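Dropping my_file_23.txt in here (compact mmCIF, C-alpha atoms):
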# COMPACT_ATOMS: atom_id res chain seq x y z
CA MET A 224 5.08 6.76 19.12
CA LEU A 225 3.96 4.93 22.27
CA ARG A 226 3.29 8.28 23.96
CA ALA A 227 0.97 9.29 21.11
CA PHE A 228 -1.08 6.09 21.50
CA ARG A 229 -1.13 6.54 25.28
CA ASP A 230 -2.38 10.12 24.96
CA ALA A 231 -4.95 9.05 22.38
CA PHE A 232 -6.47 6.51 24.79
CA ARG A 233 -6.85 9.26 27.41
CA ILE A 234 -9.23 11.19 25.12
CA PRO A 235 -12.68 9.50 25.02
CA GLU A 236 -13.40 10.39 21.39
CA LEU A 237 -10.08 9.06 20.09
CA ARG A 238 -10.39 6.00 22.32
CA ARG A 239 -13.77 5.19 20.73
CA LYS A 240 -12.28 5.58 17.25
CA ILE A 241 -9.39 3.24 18.04
CA VAL A 242 -11.67 0.62 19.59
CA PHE A 243 -14.08 0.87 16.62
CA THR A 244 -11.18 0.34 14.20
CA LEU A 245 -9.92 -2.69 16.13
CA LEU A 246 -13.41 -4.23 16.20
CA LEU A 247 -13.80 -3.91 12.43
CA LEU A 248 -10.35 -5.43 11.92
CA ALA A 249 -11.43 -8.32 14.15
CA VAL A 250 -14.55 -8.80 11.99
CA TYR A 251 -12.37 -8.90 8.88
CA ARG A 252 -9.98 -11.43 10.39
CA LEU A 253 -12.95 -13.55 11.52
CA GLY A 254 -14.28 -13.63 7.96
CA SER A 255 -10.83 -14.64 6.76
CA THR A 256 -11.24 -17.99 8.53
CA ILE A 257 -14.48 -18.87 6.72
CA PRO A 258 -13.74 -20.90 3.55
CA THR A 259 -15.51 -20.36 0.26
CA PRO A 260 -18.13 -23.09 -0.38
CA GLY A 261 -16.87 -25.92 -2.58
CA VAL A 262 -13.13 -25.49 -1.91
CA ASN A 263 -10.77 -28.08 -0.46
CA THR A 264 -8.69 -25.61 1.53
CA ASP A 265 -6.05 -28.12 2.68
CA ALA A 266 -5.13 -29.22 -0.85
CA LEU A 267 -5.22 -25.66 -2.16
CA GLU A 268 -2.97 -24.34 0.61
CA GLU A 269 -0.36 -27.00 -0.08
CA ALA A 270 -0.43 -26.27 -3.83
CA THR A 271 -0.07 -22.51 -3.44
CA GLN A 272 3.01 -22.70 -1.22
CA GLY A 273 5.91 -20.87 -2.86
CA GLY A 274 6.25 -17.84 -5.04
CA LEU A 275 3.47 -18.17 -7.61
CA PHE A 276 0.92 -16.23 -5.60
CA GLY A 277 3.37 -15.15 -2.89
CA LEU A 278 2.83 -11.39 -3.10
CA ILE A 279 -0.94 -11.71 -3.59
CA SER A 280 -1.28 -14.10 -0.68
CA LEU A 281 0.95 -11.82 1.43
CA ILE A 282 -1.26 -8.77 0.87
CA SER A 283 -4.44 -10.78 1.44
CA GLY A 284 -3.10 -12.14 4.73
CA GLY A 285 -3.01 -15.75 3.51
CA ASN A 286 -6.68 -15.60 2.47
CA LEU A 287 -5.85 -16.55 -1.11
CA SER A 288 -4.06 -19.77 -0.17
CA GLN A 289 -7.11 -20.77 1.90
CA PHE A 290 -9.55 -19.13 -0.55
CA SER A 291 -11.71 -17.76 2.26
CA ILE A 292 -14.73 -15.55 1.64
CA PHE A 293 -12.32 -12.58 1.78
CA ALA A 294 -9.72 -14.28 -0.44
CA LEU A 295 -9.46 -11.35 -2.84
CA GLY A 296 -10.20 -8.75 -0.16
CA VAL A 297 -8.83 -5.36 -1.17
CA LEU A 298 -6.74 -6.61 -4.10
CA PRO A 299 -9.26 -5.47 -6.76
CA TYR A 300 -9.54 -2.10 -5.03
CA ILE A 301 -5.76 -1.67 -5.11
CA THR A 302 -5.68 -2.46 -8.82
CA ALA A 303 -8.64 -0.17 -9.54
CA SER A 304 -7.11 2.66 -7.49
CA ILE A 305 -3.84 2.46 -9.42
CA VAL A 306 -5.65 2.41 -12.78
CA ILE A 307 -7.96 5.32 -11.88
CA GLN A 308 -5.00 7.26 -10.46
CA LEU A 309 -3.09 6.86 -13.72
CA LEU A 310 -6.16 7.71 -15.82
CA THR A 311 -6.76 10.87 -13.76
CA THR A 312 -3.64 12.44 -15.25
CA THR A 313 -4.45 11.38 -18.83
CA VAL A 314 -8.26 11.53 -19.19
CA PRO A 315 -9.50 15.16 -19.22
CA ALA A 316 -12.86 14.32 -17.62
CA LEU A 317 -11.24 12.61 -14.63
CA GLU A 318 -8.61 15.34 -14.35
CA LYS A 319 -11.40 17.93 -14.21
CA LEU A 320 -13.16 15.94 -11.47
CA SER A 321 -9.95 15.77 -9.43
CA LYS A 322 -9.83 19.58 -9.38
CA GLU A 323 -13.43 19.99 -8.13
CA GLY A 324 -12.58 19.54 -4.47
CA GLU A 325 -14.49 17.26 -2.14
CA GLU A 326 -17.35 16.51 -4.56
CA GLY A 327 -14.93 15.55 -7.32
CA ARG A 328 -13.02 13.29 -4.96
CA LYS A 329 -16.26 11.53 -3.96
CA ARG A 330 -17.14 10.91 -7.61
CA ILE A 331 -13.70 9.47 -8.32
CA ASN A 332 -13.95 7.23 -5.24
CA GLN A 333 -17.33 6.02 -6.49
CA TYR A 334 -15.84 5.16 -9.89
CA THR A 335 -13.00 3.36 -8.11
CA ARG A 336 -15.46 1.22 -6.15
CA TYR A 337 -17.36 0.30 -9.31
CA ALA A 338 -14.10 -0.59 -11.05
CA ALA A 339 -13.00 -2.64 -8.03
CA VAL A 340 -16.17 -4.75 -8.11
CA GLY A 341 -15.82 -5.25 -11.88
CA LEU A 342 -12.16 -6.24 -11.65
CA GLY A 343 -12.95 -8.39 -8.63
CA THR A 344 -15.56 -10.29 -10.61
CA ILE A 345 -13.02 -11.05 -13.34
CA GLN A 346 -10.36 -12.09 -10.82
CA ALA A 347 -12.85 -14.23 -8.89
CA LEU A 348 -13.86 -15.97 -12.13
CA PHE A 349 -10.20 -16.60 -12.98
CA PHE A 350 -9.37 -18.13 -9.58
CA SER A 351 -12.61 -20.11 -9.51
CA LEU A 352 -11.83 -21.66 -12.91
CA TYR A 353 -8.30 -22.39 -11.71
CA ILE A 354 -9.64 -24.21 -8.64
CA THR A 355 -12.32 -26.19 -10.46
CA SER A 356 -9.83 -27.21 -13.16
CA ASN A 357 -8.14 -29.44 -10.57
CA PRO A 358 -10.55 -31.92 -8.92
CA ALA A 359 -8.26 -32.14 -5.88
CA PHE A 360 -9.04 -28.49 -5.04
CA VAL A 361 -12.81 -29.08 -5.06
CA ALA A 362 -14.44 -30.17 -1.80
CA VAL A 363 -16.06 -33.57 -1.50
CA GLY A 364 -19.67 -33.53 -2.67
CA TRP A 365 -19.21 -30.60 -5.05
CA ASP A 366 -19.25 -31.00 -8.80
CA PRO A 367 -16.56 -28.86 -10.55
CA GLY A 368 -19.08 -27.37 -12.93
CA VAL A 369 -20.86 -24.13 -13.71
CA PHE A 370 -22.86 -24.08 -10.47
CA THR A 371 -19.73 -24.40 -8.30
CA VAL A 372 -17.98 -21.66 -10.27
CA LEU A 373 -21.04 -19.39 -9.92
CA VAL A 374 -21.19 -19.95 -6.13
CA MET A 375 -17.48 -19.16 -5.77
CA VAL A 376 -17.69 -16.00 -7.89
CA LEU A 377 -20.76 -14.66 -6.05
CA THR A 378 -19.14 -15.39 -2.68
CA GLN A 379 -15.97 -13.56 -3.65
CA VAL A 380 -17.81 -10.52 -5.08
CA ALA A 381 -19.86 -10.27 -1.88
CA GLY A 382 -16.64 -10.53 0.15
CA ILE A 383 -15.03 -7.75 -1.90
CA ALA A 384 -18.01 -5.43 -1.40
CA PHE A 385 -18.12 -6.12 2.34
CA THR A 386 -14.36 -5.59 2.69
CA LEU A 387 -14.61 -2.22 0.92
CA TRP A 388 -17.46 -1.23 3.24
CA ILE A 389 -15.35 -2.14 6.29
CA GLY A 390 -12.44 -0.11 4.94
CA GLU A 391 -14.62 2.94 4.31
CA ARG A 392 -16.16 2.73 7.78
CA MET A 393 -12.70 2.65 9.37
CA THR A 394 -11.59 5.64 7.30
CA GLU A 395 -14.67 7.73 8.08
CA VAL A 396 -15.35 6.76 11.70
CA GLY A 397 -12.13 5.14 12.91
CA VAL A 398 -8.45 6.03 12.75
CA GLY A 399 -6.21 5.84 9.69
CA ASN A 400 -6.82 4.65 6.16
CA GLY A 401 -9.11 1.62 6.35
CA ILE A 402 -7.85 -0.17 3.23
CA SER A 403 -4.23 0.21 4.29
CA LEU A 404 -5.02 -1.05 7.79
CA ILE A 405 -6.75 -4.12 6.35
CA ILE A 406 -3.68 -4.92 4.23
CA THR A 407 -1.39 -4.43 7.23
CA ALA A 408 -3.56 -6.62 9.46
CA GLY A 409 -3.47 -9.36 6.83
CA ILE A 410 0.31 -9.28 6.65
CA ILE A 411 0.81 -9.24 10.43
CA ALA A 412 -1.71 -12.07 10.89
CA ASN A 413 0.75 -14.49 9.27
CA TYR A 414 3.62 -13.65 11.63
CA PRO A 415 2.64 -15.77 14.69
CA ARG A 416 2.32 -18.93 12.60
CA GLU A 417 5.59 -18.25 10.78
CA ILE A 418 7.46 -17.47 14.00
CA ALA A 419 6.19 -20.76 15.47
CA ALA A 420 7.37 -22.64 12.36
CA THR A 421 10.80 -20.99 12.62
CA GLY A 422 10.98 -21.99 16.29
CA GLU A 423 10.24 -25.56 15.25
CA LEU A 424 13.20 -25.46 12.85
CA PHE A 425 15.44 -24.37 15.74
CA ARG A 426 14.04 -27.05 18.05
CA THR A 427 14.79 -29.76 15.49
CA ASP A 428 18.33 -28.35 14.90
CA GLN A 429 17.61 -27.46 11.26
CA VAL A 430 18.80 -23.90 11.89
CA SER A 431 21.19 -22.55 14.51
CA LEU A 432 20.70 -19.74 16.99
CA LEU A 433 23.28 -17.66 15.11
CA GLN A 434 21.25 -17.94 11.90
CA ILE A 435 18.08 -16.81 13.68
CA VAL A 436 19.89 -13.88 15.34
CA ALA A 437 21.39 -12.81 12.00
CA PHE A 438 17.97 -13.13 10.35
CA ALA A 439 16.33 -10.96 13.03
CA ALA A 440 19.15 -8.40 12.83
CA VAL A 441 18.66 -8.02 9.08
CA ILE A 442 14.93 -7.47 9.65
CA LEU A 443 15.61 -4.72 12.21
CA VAL A 444 18.13 -3.03 9.91
CA THR A 445 15.62 -3.24 7.05
CA ILE A 446 12.91 -1.61 9.17
CA ALA A 447 15.29 1.20 10.18
CA GLY A 448 16.23 1.74 6.53
CA ILE A 449 12.57 1.84 5.49
CA VAL A 450 11.77 4.47 8.12
CA TYR A 451 14.77 6.57 7.05
CA VAL A 452 13.96 6.45 3.32
CA TYR A 453 10.18 6.72 3.80
CA GLN A 454 10.58 10.03 5.63
CA GLY A 455 13.37 11.26 3.34
CA GLU A 456 12.45 14.10 1.01
CA ARG A 457 14.05 16.87 -0.99
CA ARG A 458 12.69 20.24 0.08
CA VAL A 459 12.78 22.67 -2.83
CA PRO A 460 12.63 26.27 -1.49
CA VAL A 461 9.74 28.34 -2.85
CA THR A 462 9.26 32.07 -2.31
CA TYR A 463 6.09 33.99 -3.00
CA ALA A 464 6.46 37.53 -4.37
CA ARG A 465 5.75 40.60 -2.27
CA ALA A 466 2.27 42.11 -2.61
CA ARG A 467 0.72 45.42 -1.65
CA GLY A 468 -2.39 45.35 0.46
CA GLY A 469 -4.22 46.92 3.32
CA ALA A 470 -7.62 47.57 4.79
CA PRO A 471 -10.31 48.81 2.40
CA GLY A 472 -10.20 52.61 2.33
CA GLY A 473 -6.99 52.66 4.32
CA ALA A 474 -3.37 53.25 3.43
CA ALA A 475 -1.62 50.60 1.35
CA ARG A 476 1.19 48.66 2.94
CA ASN A 477 3.81 46.14 1.80
CA LEU A 478 3.23 42.52 2.68
CA GLY A 479 6.47 40.53 3.01
CA GLY A 480 7.01 37.60 0.66
CA GLN A 481 6.29 34.21 2.20
CA ALA A 482 8.98 31.52 2.01
CA THR A 483 8.12 27.82 2.09
CA TRP A 484 9.25 24.65 0.35
CA LEU A 485 8.00 22.02 -2.06
CA PRO A 486 8.62 18.50 -0.63
CA ILE A 487 9.56 15.74 -3.10
CA LYS A 488 9.84 12.30 -1.51
CA VAL A 489 12.72 9.97 -2.27
CA ASN A 490 10.34 7.04 -2.67
CA GLN A 491 7.44 8.70 -4.48
CA ALA A 492 5.96 5.49 -5.90
CA GLY A 493 5.72 3.50 -2.65
CA VAL A 494 5.31 -0.25 -3.25
CA ILE A 495 3.44 0.12 -6.55
CA PRO A 496 6.48 -0.68 -8.79
CA VAL A 497 7.11 -3.87 -6.79
CA ILE A 498 3.46 -4.91 -7.11
CA PHE A 499 3.49 -4.25 -10.86
CA ALA A 500 6.77 -6.12 -11.36
CA SER A 501 5.56 -9.12 -9.35
CA ALA A 502 2.26 -9.15 -11.25
CA MET A 503 4.13 -9.19 -14.57
CA LEU A 504 6.33 -12.08 -13.43
CA ILE A 505 3.35 -14.08 -12.20
CA ILE A 506 2.12 -14.37 -15.81
CA PRO A 507 5.01 -16.61 -17.02
CA ASN A 508 4.53 -18.87 -13.99
CA LEU A 509 0.83 -19.18 -14.81
CA ILE A 510 1.74 -20.06 -18.39
CA GLY A 511 4.20 -22.65 -17.11
CA SER A 512 1.53 -24.20 -14.88
CA ALA A 513 -0.88 -24.41 -17.82
CA THR A 514 1.68 -25.84 -20.29
CA THR A 515 3.20 -28.57 -18.12
CA THR A 516 2.03 -31.32 -20.46
CA ARG A 517 1.09 -29.39 -23.60
CA ALA A 518 4.37 -27.53 -24.12
CA PRO A 519 7.16 -29.12 -22.08
CA ALA A 520 9.85 -26.93 -23.68
CA VAL A 521 8.09 -23.71 -22.66
CA ASN A 522 7.54 -25.01 -19.15
CA ALA A 523 11.19 -26.09 -18.87
CA PHE A 524 12.39 -22.64 -19.97
CA ILE A 525 10.16 -20.92 -17.41
CA GLN A 526 11.20 -23.31 -14.63
CA THR A 527 14.88 -22.75 -15.45
CA TYR A 528 15.02 -18.98 -15.89
CA LEU A 529 11.86 -17.52 -14.32
CA THR A 530 11.50 -19.49 -11.10
CA VAL A 531 11.14 -17.29 -8.05
CA GLY A 532 14.54 -16.73 -6.46
CA SER A 533 16.62 -17.69 -9.51
CA PRO A 534 19.31 -15.21 -10.69
CA TRP A 535 17.46 -14.50 -13.96
CA TYR A 536 14.21 -13.92 -12.09
CA ILE A 537 15.88 -11.49 -9.65
CA ALA A 538 17.59 -9.59 -12.51
CA LEU A 539 14.37 -9.28 -14.50
CA GLU A 540 12.43 -8.22 -11.42
CA ALA A 541 15.02 -5.50 -10.72
CA LEU A 542 14.76 -4.17 -14.29
CA LEU A 543 10.95 -4.12 -14.11
CA ILE A 544 11.04 -2.26 -10.78
CA PHE A 545 13.31 0.39 -12.30
CA GLY A 546 11.04 0.77 -15.31
CA PHE A 547 7.80 0.96 -13.34
CA THR A 548 9.33 3.40 -10.84
CA TYR A 549 10.22 5.89 -13.57
CA LEU A 550 6.90 5.31 -15.37
CA TYR A 551 4.77 5.86 -12.25
CA ASN A 552 6.74 8.90 -11.11
CA SER A 553 6.54 10.49 -14.56
CA VAL A 554 2.76 10.14 -14.50
CA GLN A 555 2.26 11.25 -10.90
CA PHE A 556 4.79 14.09 -10.75
CA ASP A 557 4.24 16.56 -13.60
CA PRO A 558 6.89 19.33 -13.43
CA ARG A 559 5.10 21.49 -16.04
CA ARG A 560 1.83 21.47 -14.10
CA ILE A 561 3.61 22.30 -10.83
CA SER A 562 5.53 25.09 -12.55
CA GLU A 563 2.30 26.60 -13.88
CA GLN A 564 0.64 26.36 -10.45
CA LEU A 565 3.60 28.13 -8.83
CA ARG A 566 3.52 30.92 -11.42
CA GLU A 567 -0.25 31.39 -11.03
CA ALA A 568 0.16 31.63 -7.24
CA GLY A 569 2.99 34.14 -7.57
CA GLY A 570 5.63 31.72 -6.36
CA PHE A 571 9.10 30.99 -7.71
CA ILE A 572 12.18 28.97 -6.86
CA PRO A 573 15.09 31.25 -5.91
CA GLY A 574 17.69 31.34 -8.66
CA VAL A 575 15.41 29.64 -11.23
CA ARG A 576 13.32 31.51 -13.78
CA PRO A 577 9.56 30.74 -13.81
CA GLY A 578 8.05 28.67 -16.59
CA ALA A 579 10.07 26.13 -18.59
CA PRO A 580 13.31 26.53 -16.53
CA THR A 581 11.38 25.73 -13.34
CA ALA A 582 9.79 22.67 -14.95
CA GLU A 583 13.21 21.49 -16.16
CA PHE A 584 14.71 22.07 -12.70
CA LEU A 585 11.95 20.09 -10.95
CA GLY A 586 12.11 17.34 -13.58
CA GLY A 587 15.85 16.90 -12.95
CA ILE A 588 15.30 16.59 -9.20
CA SER A 589 12.48 14.08 -9.72
CA SER A 590 14.63 11.97 -12.06
CA ARG A 591 17.50 11.79 -9.59
CA LEU A 592 15.19 10.92 -6.70
CA SER A 593 13.46 8.29 -8.87
CA LEU A 594 16.84 6.63 -9.42
CA TRP A 595 17.52 6.36 -5.69
CA GLY A 596 13.92 5.33 -5.02
CA ALA A 597 14.23 2.52 -7.59
CA VAL A 598 17.54 1.39 -6.07
CA PHE A 599 15.90 1.33 -2.64
CA LEU A 600 12.99 -0.79 -3.89
CA VAL A 601 15.30 -3.22 -5.69
CA VAL A 602 17.43 -3.68 -2.56
CA LEU A 603 14.27 -4.08 -0.49
CA THR A 604 13.07 -6.81 -2.87
CA VAL A 605 16.32 -8.68 -3.49
CA VAL A 606 17.89 -8.67 -0.01
CA PRO A 607 15.14 -10.77 1.67
CA GLN A 608 15.52 -13.46 -1.02
CA LEU A 609 19.31 -13.56 -0.53
CA VAL A 610 19.00 -13.57 3.27
CA GLN A 611 16.55 -16.48 3.20
CA ARG A 612 18.94 -18.44 1.00
CA ALA A 613 21.94 -17.66 3.20
CA THR A 614 20.25 -18.49 6.52
CA GLY A 615 18.07 -21.34 5.29
CA ILE A 616 15.04 -19.87 7.07
CA SER A 617 12.17 -20.19 4.60
CA THR A 618 9.35 -20.60 7.12
CA PHE A 619 9.24 -16.87 7.86
CA GLN A 620 8.11 -14.87 4.83
CA PHE A 621 10.63 -12.05 5.16
CA SER A 622 9.28 -9.64 2.55
CA GLY A 623 10.62 -6.14 2.07
CA THR A 624 7.33 -5.23 0.42
CA GLY A 625 5.37 -6.36 3.46
CA LEU A 626 7.65 -4.46 5.83
CA LEU A 627 7.38 -1.34 3.66
CA ILE A 628 3.59 -1.52 3.82
CA ILE A 629 3.57 -2.08 7.59
CA VAL A 630 6.03 0.71 8.36
CA GLY A 631 4.33 3.15 5.96
CA VAL A 632 0.85 2.51 7.36
CA ALA A 633 2.15 2.74 10.95
CA LEU A 634 3.82 6.09 10.27
CA GLU A 635 0.76 7.52 8.50
CA THR A 636 -1.59 6.35 11.27
CA LEU A 637 0.74 7.85 13.86
CA LYS A 638 0.75 11.17 12.00
CA GLN A 639 -3.06 11.20 11.96
CA LEU A 640 -3.21 10.49 15.69
CA GLU A 641 -0.69 13.25 16.44
CA ALA A 642 -2.61 15.68 14.21
CA GLN A 643 -5.87 14.94 16.03
CA LEU A 644 -4.15 15.26 19.39
CA THR A 645 -2.71 18.62 18.34
CA VAL A 646 -6.12 19.87 17.19
CA ARG A 647 -7.70 18.89 20.48
CA ARG A 648 -4.93 20.58 22.46
CA TYR A 649 -5.52 23.81 20.55
CA ASP A 650 -9.28 23.45 20.98
CA GLY A 651 -8.79 23.06 24.71
CA PHE A 652 -6.47 26.05 24.84
CA ILE A 653 -8.92 28.24 22.88
CA SER A 654 -11.88 27.11 25.00
CA LYS A 655 -10.04 27.88 28.22
CA GLY A 656 -9.06 31.29 26.84
CA ARG A 657 -12.67 32.09 26.01
CA ILE A 658 -13.85 31.05 29.46
CA ARG A 659 -11.20 33.17 31.15
CA GLY A 660 -12.08 36.15 28.91
CA ARG A 661 -15.74 35.89 29.86
CA LEU A 662 -14.88 35.67 33.57
CA ASN A 663 -12.62 38.72 33.31
CA ASN A 664 -15.36 40.68 31.56
As structure tokens, please, write out the structure in this file.
Amino acid sequence: MLRAFRDAFRIPELRRKIVFTLLLLAVYRLGSTIPTPGVNTDALEEATQGGLFGLISLISGGNLSQFSIFALGVLPYITASIVIQLLTTTVPALEKLSKEGEEGRKRINQYTRYAAVGLGTIQALFFSLYITSNPAFVAVGWDPGVFTVLVMVLTQVAGIAFTLWIGERMTEVGVGNGISLIITAGIIANYPREIAATGELFRTDQVSLLQIVAFAAVILVTIAGIVYVYQGERRVPVTYARARGGAPGGAARNLGGQATWLPIKVNQAGVIPVIFASAMLIIPNLIGSATTTRAPAVNAFIQTYLTVGSPWYIALEALLIFGFTYLYNSVQFDPRRISEQLREAGGFIPGVRPGAPTAEFLGGISSRLSLWGAVFLVVLTVVPQLVQRATGISTFQFSGTGLLIIVGVALETLKQLEAQLTVRRYDGFISKGRIRGRLNN
């Protein structure tokens, strides 16, 4: 990994791309320190400590707890991407666009951006009303009325549009997927502050050195497990039938069948089931916050059974992760469509008849992998909560979801760098071969 980055910096073009990406990330992090007009950031940050907006604040790099101008950041785009991705497999018009190559992909991306701005407007209005509903969250000199809400919403929508532009620039001109890099930078940006807070706990003898070492060891083991599962896949062998061919007007000849494989990842859904499950469990907490005085019984039930970290909360979260994993994989991985594509291309799985038997065979493999993928995500979600309880270290937000995002983005970016390095090596080899051929001639 380090060698790939070292080699990339030796190539001027790749070095410019990396520097450009880092500069745009710096611009994004700079904007994350600018508060939204009319917000008392100190009071809001204290009130949002805990699990209510934990996942959202984690992905936004703490911007939500401070309600900076990039508070929502790429969150609306993530939601819009998931919705459009699911609709692509169910809406015929979008499915047709997805099969039209580069132009179709551009149209779908344009729809995703429009949907992100629309969803972002709704989310910004929701959070703005939440802030203005509590006078303590409103800055001194600002009236918690329509004008303040309008200023907050416009600021957030502008921040969403600018964040999307930064992400697209990084994807097109820089290195890696821009949106994913922004999410990763937001998560990593919290680590120095949390490490310092954990060091303060050790200095004041609130935690022992053994607890910190055990905590760090669990993190390292978790990262190793994520890398192992992230790269794990089931390779289904696929053979393409023999064909007869030859030069026009010449004698026909047999072309040997080509053997390859169809990769099916163990964790096909990524972190999407965890995000969906957390979003579903945020709703009861919001209801509890709104019914503190109006419906004490409802609030007491939610505080007892659906508080973040409680046994009932963990069990319900695990069930939701299982359900969303199977739902997402069933939408994304269509065995019938893959079976038809293989038959049209003249391919088949050895020992399995084409058509319905192939679809049934692939569906069985996908179901088994979905089970293990769901188990992996549940363990990745539950273990950090148990470890934090056992060690007493709550200052460091040890999130399996955050680590999964960081490791996944790092591996994908590394693959892109290695691919570009490989292309440039082949280009150099071909260019040298051409020069030598011309000199010999």
Distance query Ile628 in chain A at most 9 Å, only C-alpha atoms, self and fewer than 2 positions along chain excluded, as number ranges by chain: A: 403, 406-407, 410, 493-494, 623-626, 630-633
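Minimum distance to Phe499 in chain A across A:Ala408, A:Val376, A:Ala419, A:Ile305 (counting all atoms listed in the file) occurs at A:Ile305.
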Quick one: everything within 10 Å of range 330-341 of chain A, counting only C-alpha atoms, minus sequence neighbours fewer than 6 positions away in the same chain. Send it as number ranges by chain. A: 297-308, 311, 317-318, 320-321, 323, 347, 379-381, 383-384, 387-388
What's the separation between CA of Gly596 in chain A and CA of Phe556 in chain A, in Å to one decimal place? 13.9 Å
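As for CA of Leu237 in chain A and CA of Gln639 in chain A, they are spaced 11.0 Å apart.
Take CA of Thr604 in chain A and CA of Glu423 in chain A: the distance between them is 26.2 Å.
With only C-alpha atoms as the atoms that count, the residue of A:Phe360, A:Phe370, A:Tyr463, A:Phe438 with the shortest distance to Ile418 in chain A is A:Phe438.
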Could you give me, as JSON, numbers by chain, the residues that sit within 10 Å of (-14.3, -18.4, -1.7) in the file's coordinates, counting only C-alpha atoms? {"A": [255, 257, 258, 259, 260, 261, 262, 264, 286, 287, 289, 290, 291, 292, 293, 294, 295, 347, 350, 351, 372, 374, 375, 376, 377, 378, 379, 380, 381, 382]}
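For Ile389 in chain A, the set of protein, DNA and RNA residues having any atom at most 12 Å away, when counting only C-alpha atoms and skipping those fewer than 5 positions along the same chain, is A:Phe243, A:Thr244, A:Leu245, A:Leu246, A:Leu247, A:Leu248, A:Ala249, A:Val250, A:Tyr251, A:Arg252, A:Gly254, A:Phe293, A:Gly296, A:Val297, A:Gly382, A:Ile383, A:Ala384, A:Thr394, A:Glu395, A:Val396, A:Gly397, A:Asn400, A:Gly401, A:Ile402, A:Ser403, A:Leu404, A:Ile405.
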Nearest-residue call for Ile616 in chain A, choices A:Ala412, A:Phe425, A:Lys322, A:Leu310, using all atoms listed in the file: A:Phe425
List as a PyMOL selection string the protein and nucleic acid residues near Ile449 in chain A, meaning an atom at most 9 Å away when only C-alpha atoms are counted, but skip any in the same chain fewer than 2 places from it. chain A and resi 444-447+451-454+599+603+623+626-627+630-631
From the set A:Gly574, A:Val441, A:Val554, A:Pro486, which residue has the shortest atom-to-atom contact distance to Arg458 in chain A, counting all atoms listed in the file? A:Pro486
Between A:Gly343, A:Gly615, A:Gly455, A:Pro460, smallest distance to Lys488 in chain A by all atoms listed in the file belongs to A:Gly455
Rebuild range 357-370 of chain A so that it carries N, CA and C atoms, then output the result as a PDB file, in the frame of the given file.
ATOM      1  N   ASN A 357      -8.829 -28.353 -11.257  1.00  0.00           N
ATOM      2  CA  ASN A 357      -8.140 -29.440 -10.570  1.00  0.00           C
ATOM      3  C   ASN A 357      -9.117 -30.072  -9.582  1.00  0.00           C
ATOM      4  N   PRO A 358      -9.558 -31.290  -9.813  1.00  0.00           N
ATOM      5  CA  PRO A 358     -10.550 -31.920  -8.920  1.00  0.00           C
ATOM      6  C   PRO A 358     -10.085 -32.017  -7.476  1.00  0.00           C
ATOM      7  N   ALA A 359      -8.759 -32.040  -7.257  1.00  0.00           N
ATOM      8  CA  ALA A 359      -8.260 -32.140  -5.880  1.00  0.00           C
ATOM      9  C   ALA A 359      -8.577 -30.899  -5.067  1.00  0.00           C
ATOM     10  N   PHE A 360      -8.746 -29.745  -5.738  1.00  0.00           N
ATOM     11  CA  PHE A 360      -9.040 -28.490  -5.040  1.00  0.00           C
ATOM     12  C   PHE A 360     -10.524 -28.341  -4.709  1.00  0.00           C
ATOM     13  N   VAL A 361     -11.368 -29.180  -5.271  1.00  0.00           N
ATOM     14  CA  VAL A 361     -12.810 -29.080  -5.060  1.00  0.00           C
ATOM     15  C   VAL A 361     -13.203 -29.965  -3.879  1.00  0.00           C
ATOM     16  N   ALA A 362     -14.028 -29.426  -2.985  1.00  0.00           N
ATOM     17  CA  ALA A 362     -14.440 -30.170  -1.800  1.00  0.00           C
ATOM     18  C   ALA A 362     -15.280 -31.375  -2.167  1.00  0.00           C
ATOM     19  N   VAL A 363     -15.286 -32.339  -1.275  1.00  0.00           N
ATOM     20  CA  VAL A 363     -16.060 -33.570  -1.500  1.00  0.00           C
ATOM     21  C   VAL A 363     -17.554 -33.222  -1.541  1.00  0.00           C
ATOM     22  N   GLY A 364     -18.239 -33.782  -2.527  1.00  0.00           N
ATOM     23  CA  GLY A 364     -19.670 -33.530  -2.670  1.00  0.00           C
ATOM     24  C   GLY A 364     -20.004 -32.390  -3.616  1.00  0.00           C
ATOM     25  N   TRP A 365     -18.996 -31.705  -4.113  1.00  0.00           N
ATOM     26  CA  TRP A 365     -19.210 -30.600  -5.050  1.00  0.00           C
ATOM     27  C   TRP A 365     -18.753 -31.020  -6.438  1.00  0.00           C
ATOM     28  N   ASP A 366     -19.582 -30.686  -7.415  1.00  0.00           N
ATOM     29  CA  ASP A 366     -19.250 -31.000  -8.800  1.00  0.00           C
ATOM     30  C   ASP A 366     -18.520 -29.799  -9.411  1.00  0.00           C
ATOM     31  N   PRO A 367     -17.311 -29.996  -9.969  1.00  0.00           N
ATOM     32  CA  PRO A 367     -16.560 -28.860 -10.550  1.00  0.00           C
ATOM     33  C   PRO A 367     -17.174 -28.381 -11.856  1.00  0.00           C
ATOM     34  N   GLY A 368     -18.380 -27.838 -11.748  1.00  0.00           N
ATOM     35  CA  GLY A 368     -19.080 -27.370 -12.930  1.00  0.00           C
ATOM     36  C   GLY A 368     -19.464 -25.906 -12.824  1.00  0.00           C
ATOM     37  N   VAL A 369     -20.447 -25.532 -13.634  1.00  0.00           N
ATOM     38  CA  VAL A 369     -20.860 -24.130 -13.710  1.00  0.00           C
ATOM     39  C   VAL A 369     -21.431 -23.648 -12.388  1.00  0.00           C
ATOM     40  N   PHE A 370     -22.228 -24.498 -11.719  1.00  0.00           N
ATOM     41  CA  PHE A 370     -22.860 -24.080 -10.470  1.00  0.00           C
ATOM     42  C   PHE A 370     -21.812 -23.768  -9.407  1.00  0.00           C
TER      43      PHE A 370
END
